[in-house]
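K.L.:
One file: my_file16.txt (compact mmCIF, C-alpha atoms).
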# COMPACT_ATOMS: atom_id res chain seq x y z
CA MET A 22 51.02 -74.31 162.79
CA SER A 23 52.49 -76.74 160.24
CA ASN A 24 51.52 -76.70 156.59
CA ARG A 25 49.87 -80.10 157.03
CA GLN A 26 47.71 -78.76 159.87
CA LYS A 27 46.79 -75.70 157.83
CA LYS A 28 45.77 -77.90 154.92
CA GLY A 29 43.61 -80.03 157.20
CA HIS A 30 41.93 -76.94 158.68
CA LEU A 31 41.28 -75.49 155.25
CA GLU A 32 39.73 -78.75 153.98
CA LYS A 33 37.31 -78.90 156.91
CA MET A 34 36.31 -75.26 156.52
CA LEU A 35 35.72 -75.76 152.80
CA ARG A 36 33.42 -78.67 153.63
CA LEU A 37 31.53 -76.35 155.98
CA GLY A 38 30.74 -74.08 153.05
CA ILE A 39 33.40 -71.46 153.78
CA SER A 40 35.34 -70.23 150.75
CA GLU A 41 39.08 -70.85 150.50
CA SER A 42 39.91 -67.15 150.83
CA GLU A 43 37.67 -66.80 153.90
CA ALA A 44 39.24 -69.89 155.44
CA ARG A 45 42.79 -68.63 154.79
CA ILE A 46 42.10 -65.25 156.37
CA TYR A 47 40.27 -66.73 159.37
CA THR A 48 43.04 -69.27 160.14
CA THR A 49 45.65 -66.50 159.76
CA LEU A 50 43.73 -64.33 162.23
CA LEU A 51 43.54 -67.28 164.63
CA GLU A 52 47.33 -67.50 164.58
CA LYS A 53 48.12 -63.77 164.79
CA ARG A 54 45.18 -62.55 166.91
CA GLU A 55 44.92 -59.06 165.38
CA LEU A 56 45.95 -57.91 161.93
CA SER A 57 45.54 -54.96 159.61
CA VAL A 58 44.42 -55.33 156.00
CA LEU A 59 48.00 -54.85 154.86
CA GLU A 60 49.28 -57.55 157.24
CA ILE A 61 46.56 -59.97 156.12
CA HIS A 62 47.51 -59.28 152.50
CA GLU A 63 51.20 -59.94 153.19
CA LEU A 64 50.55 -63.17 155.10
CA THR A 65 47.97 -64.67 152.72
CA ASN A 66 48.93 -63.16 149.34
CA ILE A 67 45.28 -62.24 148.84
CA PRO A 68 44.96 -58.85 147.04
CA ARG A 69 44.21 -55.98 149.43
CA ILE A 70 40.99 -55.03 147.67
CA LYS A 71 39.77 -58.63 148.17
CA VAL A 72 40.83 -58.60 151.83
CA TYR A 73 38.37 -55.74 152.49
CA GLU A 74 35.59 -57.69 150.79
CA ILE A 75 36.34 -61.00 152.54
CA THR A 76 36.72 -59.51 156.02
CA ARG A 77 33.27 -57.91 155.58
CA LYS A 78 31.86 -61.36 154.77
CA LEU A 79 33.58 -62.87 157.81
CA ILE A 80 32.09 -60.15 160.01
CA LEU A 81 28.61 -60.90 158.62
CA ARG A 82 29.19 -64.62 159.26
CA GLY A 83 30.12 -63.83 162.87
CA MET A 84 33.65 -65.19 162.45
CA CYS A 85 35.59 -61.95 162.68
CA ILE A 86 35.31 -58.53 164.37
CA LYS A 87 36.58 -55.13 163.27
CA LYS A 88 38.44 -53.01 165.82
CA GLN A 89 39.15 -49.30 165.43
CA LEU A 90 42.27 -48.23 167.37
CA ARG A 91 42.71 -44.50 166.89
CA ARG A 92 43.23 -44.24 163.13
CA LYS A 93 44.14 -47.90 162.66
CA THR A 94 41.66 -50.61 161.68
CA ARG A 95 42.45 -54.12 162.77
CA TYR A 96 40.65 -57.43 162.51
CA GLN A 97 40.39 -60.18 165.08
CA ALA A 98 39.10 -63.76 164.81
CA VAL A 99 36.07 -64.69 166.87
CA GLU A 100 36.62 -67.66 169.21
CA PRO A 101 36.15 -70.80 166.99
CA ARG A 102 33.35 -72.40 169.00
CA ARG A 103 31.23 -69.24 168.95
CA ALA A 104 32.05 -68.60 165.30
CA LEU A 105 31.05 -72.08 164.14
CA ASP A 106 28.02 -72.25 166.44
CA ARG A 107 26.70 -69.17 164.65
CA LEU A 108 27.50 -70.70 161.29
CA VAL A 109 25.77 -73.98 162.12
CA LYS A 110 22.77 -72.10 163.54
CA LYS A 111 22.48 -70.17 160.28
CA TYR A 112 22.59 -73.43 158.30
CA GLU A 113 19.91 -74.91 160.57
CA ASN A 114 17.69 -71.86 160.09
CA ASP A 115 18.21 -72.03 156.32
CA LEU A 116 17.38 -75.75 156.36
CA ASP A 117 14.21 -75.15 158.39
CA LYS A 118 13.12 -72.51 155.89
CA LYS A 119 13.80 -74.87 152.97
CA LYS A 120 11.90 -77.70 154.69
CA LYS A 121 8.93 -75.39 155.20
CA LEU A 122 9.13 -74.22 151.59
CA ALA A 123 9.34 -77.82 150.36
CA LYS A 124 6.23 -78.79 152.38
CA GLU A 125 4.33 -75.82 150.98
CA PHE A 126 5.41 -76.70 147.45
CA ILE A 127 4.43 -80.38 147.87
CA LYS A 128 1.02 -79.33 149.20
CA MET A 129 0.53 -77.06 146.18
CA VAL A 130 1.54 -79.52 143.46
CA TYR A 131 0.42 -82.85 144.93
CA PRO A 132 -3.12 -82.59 143.48
CA ILE A 133 -1.54 -82.23 140.03
CA TYR A 134 0.66 -85.29 140.65
CA ASN A 135 -2.33 -87.33 141.86
CA ARG A 136 -4.36 -86.48 138.77
CA GLU A 137 -1.50 -87.53 136.52
CA THR A 138 -0.83 -90.71 138.52
CA GLN A 139 -4.47 -91.77 138.39
CA SER A 140 -4.56 -91.27 134.65
CA VAL A 141 -1.53 -93.50 134.03
CA GLY A 142 -2.58 -96.76 132.41
CA VAL A 143 -6.14 -95.63 131.57
CA SER A 144 -5.43 -95.28 127.85
CA GLU A 145 -2.52 -97.73 127.73
CA ASN A 146 -2.60 -101.08 129.50
CA VAL A 147 1.14 -101.76 129.46
CA GLU A 148 4.18 -99.71 130.49
CA ILE A 149 7.78 -100.82 129.88
CA ILE A 150 10.34 -99.42 132.32
CA ASP A 151 14.00 -100.29 131.90
CA ASP A 152 15.99 -97.91 134.08
CA LEU A 153 16.37 -98.45 137.83
CA PRO A 154 15.41 -94.95 139.07
CA SER A 155 12.14 -95.08 137.09
CA ILE A 156 11.40 -98.63 138.30
CA HIS A 157 11.94 -97.47 141.89
CA GLU A 158 9.63 -94.46 141.50
CA ARG A 159 6.89 -96.48 139.78
CA TYR A 160 7.01 -99.13 142.51
CA ILE A 161 6.75 -96.42 145.19
CA SER A 162 3.78 -94.88 143.36
CA LEU A 163 1.95 -98.21 143.06
CA VAL A 164 2.51 -99.10 146.71
CA LYS A 165 1.43 -95.65 147.88
CA ASN A 166 -1.88 -95.96 146.01
CA THR A 167 -2.67 -99.52 147.15
CA LYS A 168 -5.92 -99.57 149.13
CA GLN A 169 -6.63 -103.25 149.91
CA GLU A 170 -3.94 -105.80 149.10
CA LEU A 171 -0.37 -106.14 147.90
CA VAL A 172 1.09 -109.58 147.16
CA GLY A 173 4.30 -110.46 145.40
CA PHE A 174 7.14 -112.75 144.44
CA MET A 175 10.44 -111.52 145.88
CA LYS A 176 13.41 -112.89 144.02
CA ARG A 177 16.68 -111.74 142.49
CA PRO A 178 17.81 -109.44 141.12
CA TYR A 179 17.56 -107.33 144.29
CA THR A 180 18.47 -104.18 142.42
CA HIS A 181 18.78 -101.98 145.52
CA GLN A 182 20.45 -104.57 147.77
CA HIS A 183 23.41 -102.24 148.39
CA LYS A 184 21.48 -98.95 148.33
CA ARG A 185 20.12 -98.45 151.83
CA GLN A 186 18.28 -95.23 151.01
CA LYS A 187 16.29 -96.85 148.19
CA VAL A 188 15.53 -99.96 150.26
CA GLY A 189 14.48 -97.71 153.15
CA GLU A 190 12.11 -95.72 150.93
CA GLN A 191 10.47 -98.90 149.63
CA GLU A 192 10.16 -100.36 153.14
CA ASN A 193 8.67 -97.14 154.52
CA GLU A 194 5.96 -97.02 151.86
CA LYS A 195 5.10 -100.65 152.54
CA PHE A 196 5.01 -100.00 156.31
CA GLU A 197 2.74 -97.00 155.72
CA ILE A 198 0.07 -99.01 153.86
CA LEU A 199 0.29 -101.75 156.51
CA THR A 200 -0.63 -99.17 159.16
CA ARG A 201 -3.69 -98.31 157.03
CA GLY A 202 -4.85 -101.94 157.16
CA VAL A 203 -3.68 -103.04 153.71
CA ILE A 204 -2.92 -106.78 153.54
CA VAL A 205 0.64 -107.50 152.43
CA ARG A 206 1.85 -111.02 151.63
CA MET A 207 5.21 -111.86 150.09
CA ILE A 208 6.77 -115.11 148.90
CA TYR A 209 10.56 -114.97 149.06
CA GLU A 210 12.83 -117.16 147.00
CA PHE A 211 15.52 -118.98 148.95
CA PRO A 212 18.49 -116.56 148.87
CA ARG A 213 22.01 -117.20 147.69
CA LYS A 214 24.86 -116.85 150.17
CA ASP A 215 25.63 -113.27 149.12
CA GLU A 216 21.97 -112.27 149.61
CA ILE A 217 21.41 -113.72 153.08
CA GLU A 218 22.88 -110.79 155.01
CA PHE A 219 20.56 -108.39 153.17
CA LEU A 220 17.41 -110.51 152.98
CA ILE A 221 16.98 -111.90 156.51
CA PRO A 222 16.98 -108.47 158.26
CA HIS A 223 14.64 -107.15 155.58
CA ILE A 224 12.13 -109.99 156.09
CA GLU A 225 12.27 -109.71 159.87
CA LYS A 226 11.73 -105.93 159.73
CA CYS A 227 8.67 -106.38 157.49
CA ILE A 228 7.21 -109.15 159.65
CA LYS A 229 7.35 -106.87 162.70
CA VAL A 230 4.92 -104.51 160.99
CA ARG A 231 2.46 -107.33 160.13
CA GLU A 232 3.59 -108.39 156.67
CA LYS A 233 2.96 -112.11 156.07
CA ALA A 234 5.83 -113.98 154.47
CA ARG A 235 6.61 -117.45 153.17
CA LEU A 236 9.62 -119.04 151.57
CA THR A 237 10.07 -121.26 148.52
CA GLU A 238 13.01 -122.80 146.70
CA TYR A 239 12.10 -121.29 143.33
CA LEU A 240 9.85 -118.54 141.95
CA PRO A 241 9.08 -118.28 138.21
CA MET A 242 9.44 -114.49 138.11
CA LYS A 243 9.75 -111.29 140.09
CA MET A 244 6.21 -109.90 140.38
CA TYR A 245 3.88 -107.72 142.49
CA ILE A 246 0.07 -107.50 142.31
CA PHE A 247 -1.63 -104.32 143.56
CA ASP A 248 -5.34 -104.40 144.47
CA ARG A 249 -5.96 -107.17 141.87
CA ARG A 250 -5.63 -104.50 139.20
CA TYR A 251 -2.00 -103.66 138.52
CA VAL A 252 0.80 -106.18 137.98
CA LEU A 253 4.45 -105.12 138.12
CA MET A 254 6.64 -107.91 136.77
CA ALA A 255 10.22 -108.44 135.64
CA LEU A 256 10.83 -109.16 131.99
CA THR A 257 13.76 -111.25 130.80
CA THR A 258 15.00 -109.57 127.66
CA SER A 259 18.14 -108.99 125.67
CA ARG A 260 16.73 -105.87 124.06
CA ARG A 261 19.17 -103.70 125.99
CA ALA A 262 22.38 -105.28 127.09
CA THR A 263 23.14 -102.32 129.36
CA SER A 264 19.93 -102.66 131.36
CA THR A 265 20.11 -104.76 134.53
CA LEU A 266 16.33 -105.07 134.80
CA THR A 267 13.25 -104.38 132.70
CA MET A 268 9.82 -104.24 134.33
CA LEU A 269 6.32 -104.29 132.89
CA VAL A 270 3.39 -102.51 134.51
CA ILE A 271 0.15 -104.12 133.33
CA GLU A 272 -3.26 -102.68 134.22
CA HIS A 273 -5.69 -105.53 133.55
CA PRO A 274 -7.98 -107.04 136.22
CA GLY A 275 -8.19 -110.37 134.35
CA PHE A 276 -4.42 -110.71 134.10
CA ALA A 277 -4.07 -109.62 137.73
CA LEU A 278 -6.57 -112.33 138.77
CA ALA A 279 -4.60 -114.98 136.86
CA ALA A 280 -1.39 -113.80 138.55
CA LYS A 281 -3.15 -113.90 141.95
CA ILE A 282 -4.24 -117.53 141.32
CA LEU A 283 -0.59 -118.44 140.68
CA PHE A 284 0.43 -116.58 143.81
CA ASN A 285 -2.15 -118.41 145.96
CA HIS A 286 -0.99 -121.78 144.57
CA LEU A 287 2.65 -121.09 145.49
CA TRP A 288 1.64 -119.55 148.81
CA GLU A 289 -0.02 -122.79 149.86
CA LYS A 290 3.16 -124.71 149.01
CA GLY A 291 5.46 -122.20 150.68
CA LYS A 292 7.27 -122.66 153.99
CA ASP A 293 7.04 -120.38 157.00
CA TYR A 294 9.72 -117.72 156.69
CA ARG A 295 11.16 -118.74 160.10
CA VAL A 296 12.56 -121.94 158.62
CA LEU A 297 14.98 -119.80 156.60
CA LYS A 298 17.65 -119.71 159.28
CA SER A 299 17.44 -123.45 160.00
CA LEU A 300 17.58 -124.25 156.27
CA ILE A 301 20.64 -122.05 155.91
CA ARG A 302 22.36 -123.81 158.83
CA LYS A 303 21.49 -127.21 157.36
CA LYS A 304 22.76 -126.20 153.92
CA ALA A 305 25.97 -124.87 155.43
CA ARG A 306 26.58 -128.21 157.22
CA THR A 307 26.10 -130.18 154.01
CA GLU A 308 28.64 -128.01 152.22
CA LEU A 309 31.36 -128.63 154.84
Can the structure in the file be given as structure tokens, please?

P.N.:
Amino acid sequence: MSNRQKKGHLEKMLRLGISESEARIYTTLLEKRELSVLEIHELTNIPRIKVYEITRKLILRGMCIKKQLRRKTRYQAVEPRRALDRLVKKYENDLDKKKKLAKEFIKMVYPIYNRETQSVGVSENVEIIDDLPSIHERYISLVKNTKQELVGFMKRPYTHQHKRQKVGEQENEKFEILTRGVIVRMIYEFPRKDEIEFLIPHIEKCIKVREKARLTEYLPMKMYIFDRRYVLMALTTSRRATSTLTMLVIEHPGFALAAKILFNHLWEKGKDYRVLKSLIRKKARTEL
């Protein structure tokens, strides 16, 4: 086996969660079939006392067996497929246990989270959030607790345009409330060229689960209205030059009603979302 091959094997085993010393001894056993502790030490330069410790770990992992021949102890590698099948099975069992533990933990602490979530905004009408992870979590929380209606203005910046996991989480929460009968209407601003590839599939995916969507050339702000009570809106500010987006959460039924009146006005003037593709084709022709 060449040094390059050995390096490649070691890298893959390390990524599987096997230590470098374990990987070196296992690959050496694969090459030589059976070896004593002394022979392993000489071939790997791992101290003999460590060889005893590591071979015990490999035996427990199911990657190595110990053979007693008269007074001589020798070690042999287990066939790779069987060895790694056992390893993967152990990881799967560990993952199942962690999933079960996570579910139990969520069930235990969720009432505490709900109490805290419901109390947010009772004593203070306005929150200012200016870091993307917190904006994402607050949006998820507001969507999750929507009971009747969610409407909004969708416009740039699309902060998670290139983060599929975040977009997926937001879509899934929206899809969940749609299955519960919540009305969801969105007005989308006509996208720029670099946003089309992201925005069209997103709109079409949402429409399939009964979101209603319209399109307009320009929206005055990025904004969402939850149950005519909470408004989440983007704030243009130079307060922090490092922040890409600052959002306000306002709990005020009167303000939410005013925002809803603006939404309804622009909704009536909006175009059916299906004209987006034809408008894009027409725009592309004019630019030729």

K.L.:
May I ask which of the residues A:Glu43, A:Glu216, A:Asp117, A:Asp293 is the closest one to A:Ile80, counting all atoms listed in the file?

P.N.:
A:Glu43

K.L.:
Using all atoms listed in the file, which protein or nucleic acid residues come within 9 Å of A:Phe196? Drop anything in the same chain fewer than 4 positions from it, and give the result as a list of chain:residue names.

P.N.:
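Near A:Phe196, the qualifying residues are A:Gln191, A:Glu192, A:Thr200, A:Arg201, A:Cys227, A:Val230, A:Arg231, A:Glu232.
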
K.L.:
Need to verify the contact set: stretch 96-111 of chain A, 8 Å, only C-alpha atoms, exclusion of same-chain residues closer than 2 positions in sequence. Can you return it as a compact mmCIF listing (two decimals) with C-alpha atoms, in the frame of the given file?

P.N.:
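Written file, selection-v5.txt:
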# COMPACT_ATOMS: atom_id res chain seq x y z
CA TYR A 47 40.27 -66.73 159.37
CA LEU A 50 43.73 -64.33 162.23
CA LEU A 51 43.54 -67.28 164.63
CA ARG A 54 45.18 -62.55 166.91
CA GLU A 55 44.92 -59.06 165.38
CA LEU A 56 45.95 -57.91 161.93
CA SER A 57 45.54 -54.96 159.61
CA VAL A 58 44.42 -55.33 156.00
CA THR A 76 36.72 -59.51 156.02
CA ARG A 82 29.19 -64.62 159.26
CA GLY A 83 30.12 -63.83 162.87
CA MET A 84 33.65 -65.19 162.45
CA CYS A 85 35.59 -61.95 162.68
CA ILE A 86 35.31 -58.53 164.37
CA LYS A 87 36.58 -55.13 163.27
CA LYS A 88 38.44 -53.01 165.82
CA THR A 94 41.66 -50.61 161.68
CA GLU A 113 19.91 -74.91 160.57
CA ASN A 114 17.69 -71.86 160.09
CA ASP A 115 18.21 -72.03 156.32

K.L.:
Report as a ChimeraX atom specification all protein, DNA and RNA residues lying within 8 Å of A:Val252, evaluated on all atoms listed in the file, omitting residues in the same chain fewer than 5 positions from it.

P.N.:
/A:244-247,269-273,276-277,280

K.L.:
Could you turn the residues from that selection into a file that holds C-alpha atoms, as a PDB file, in the frame of the given file?

P.N.:
ATOM      1  CA  MET A 244       6.210-109.900 140.380  1.00  0.00           C
ATOM      2  CA  TYR A 245       3.880-107.720 142.490  1.00  0.00           C
ATOM      3  CA  ILE A 246       0.070-107.500 142.310  1.00  0.00           C
ATOM      4  CA  PHE A 247      -1.630-104.320 143.560  1.00  0.00           C
ATOM      5  CA  LEU A 269       6.320-104.290 132.890  1.00  0.00           C
ATOM      6  CA  VAL A 270       3.390-102.510 134.510  1.00  0.00           C
ATOM      7  CA  ILE A 271       0.150-104.120 133.330  1.00  0.00           C
ATOM      8  CA  GLU A 272      -3.260-102.680 134.220  1.00  0.00           C
ATOM      9  CA  HIS A 273      -5.690-105.530 133.550  1.00  0.00           C
ATOM     10  CA  PHE A 276      -4.420-110.710 134.100  1.00  0.00           C
ATOM     11  CA  ALA A 277      -4.070-109.620 137.730  1.00  0.00           C
ATOM     12  CA  ALA A 280      -1.390-113.800 138.550  1.00  0.00           C
TER      13      ALA A 280
END

K.L.:
How far is it from atom CA of A:Leu153 to atom CA of A:His223, in Å with one decimal?

P.N.:
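Calculated distance between atom CA of A:Leu153 and atom CA of A:His223 is 19.8 Å.
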
K.L.:
To one decimal in Å, tell me the separation between atom CA of A:Met268 and atom CA of A:Leu171.

P.N.:
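Separation of atom CA of A:Met268 and atom CA of A:Leu171: 17.1 Å.
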
K.L.:
When you look at A:Val203 with a cut-off of 8 Å (counting all atoms listed in the file), what residues show up, excluding the ones that are within fewer than 5 positions of it in the same chain? I need them as a PyMOL selection string.

P.N.:
chain A and resi 167-171+198

K.L.:
Under the rule that all atoms listed in the file are counted, which of A:Trp288, A:Tyr251, A:Tyr160, A:Tyr73 is the nearest residue to A:Lys187?

P.N.:
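Of A:Trp288, A:Tyr251, A:Tyr160, A:Tyr73, the one nearest A:Lys187 is A:Tyr160, counting all atoms listed in the file.
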
K.L.:
Which residue out of A:Lys119, A:Arg250, A:Lys243, A:Arg92 has the minimum interatomic distance to A:Asn166 when all atoms listed in the file are used?

P.N.:
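Smallest distance to A:Asn166 is found for A:Arg250.
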
K.L.:
Would you mind reading off the distance between atom CA of A:Lys176 and atom CA of A:Val188, one decimal, in Å?

P.N.:
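So the answer is 14.5 Å.
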
K.L.:
Name the closest residue to A:Val172 among the candidates A:Leu35, A:Ile282, A:Leu90, A:Leu81; distances are taken between atoms, counting all atoms listed in the file.

P.N.:
A:Ile282

K.L.:
Any idea what's packed within 12 Å of A:Glu289, counting all atoms listed in the file, ignoring anything in its chain fewer than 6 positions away? Could you give it as a compact mmCIF listing (two decimals) with C-alpha atoms, keeping the file's coordinate frame?

P.N.:
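Okay, part.txt is ready:
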# COMPACT_ATOMS: atom_id res chain seq x y z
CA ILE A 208 6.77 -115.11 148.90
CA ALA A 234 5.83 -113.98 154.47
CA ARG A 235 6.61 -117.45 153.17
CA LEU A 236 9.62 -119.04 151.57
CA THR A 237 10.07 -121.26 148.52
CA ILE A 282 -4.24 -117.53 141.32
CA LEU A 283 -0.59 -118.44 140.68

K.L.:
Nearest to A:Leu59: which of A:Arg95, A:Lys281, A:Arg45, A:Gly29 is it, counting all atoms listed in the file?

P.N.:
A:Arg95

K.L.:
Pick out the closest residue to A:Asn285 from this set: A:Met207, A:Leu199, A:Ile156, A:Ile133. Count only C-alpha atoms.

P.N.:
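Closest candidate: A:Met207.
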
K.L.:
Quick one: 5 Å padding each side, axis-aligned, all listed atoms of stretch 90-94 of chain A - centre and edge lengths in Å to one decimal, as AutoDock Vina command-line options?

P.N.:
--center_x 42.9 --center_y -47.4 --center_z 164.5 --size_x 12.5 --size_y 16.4 --size_z 15.7
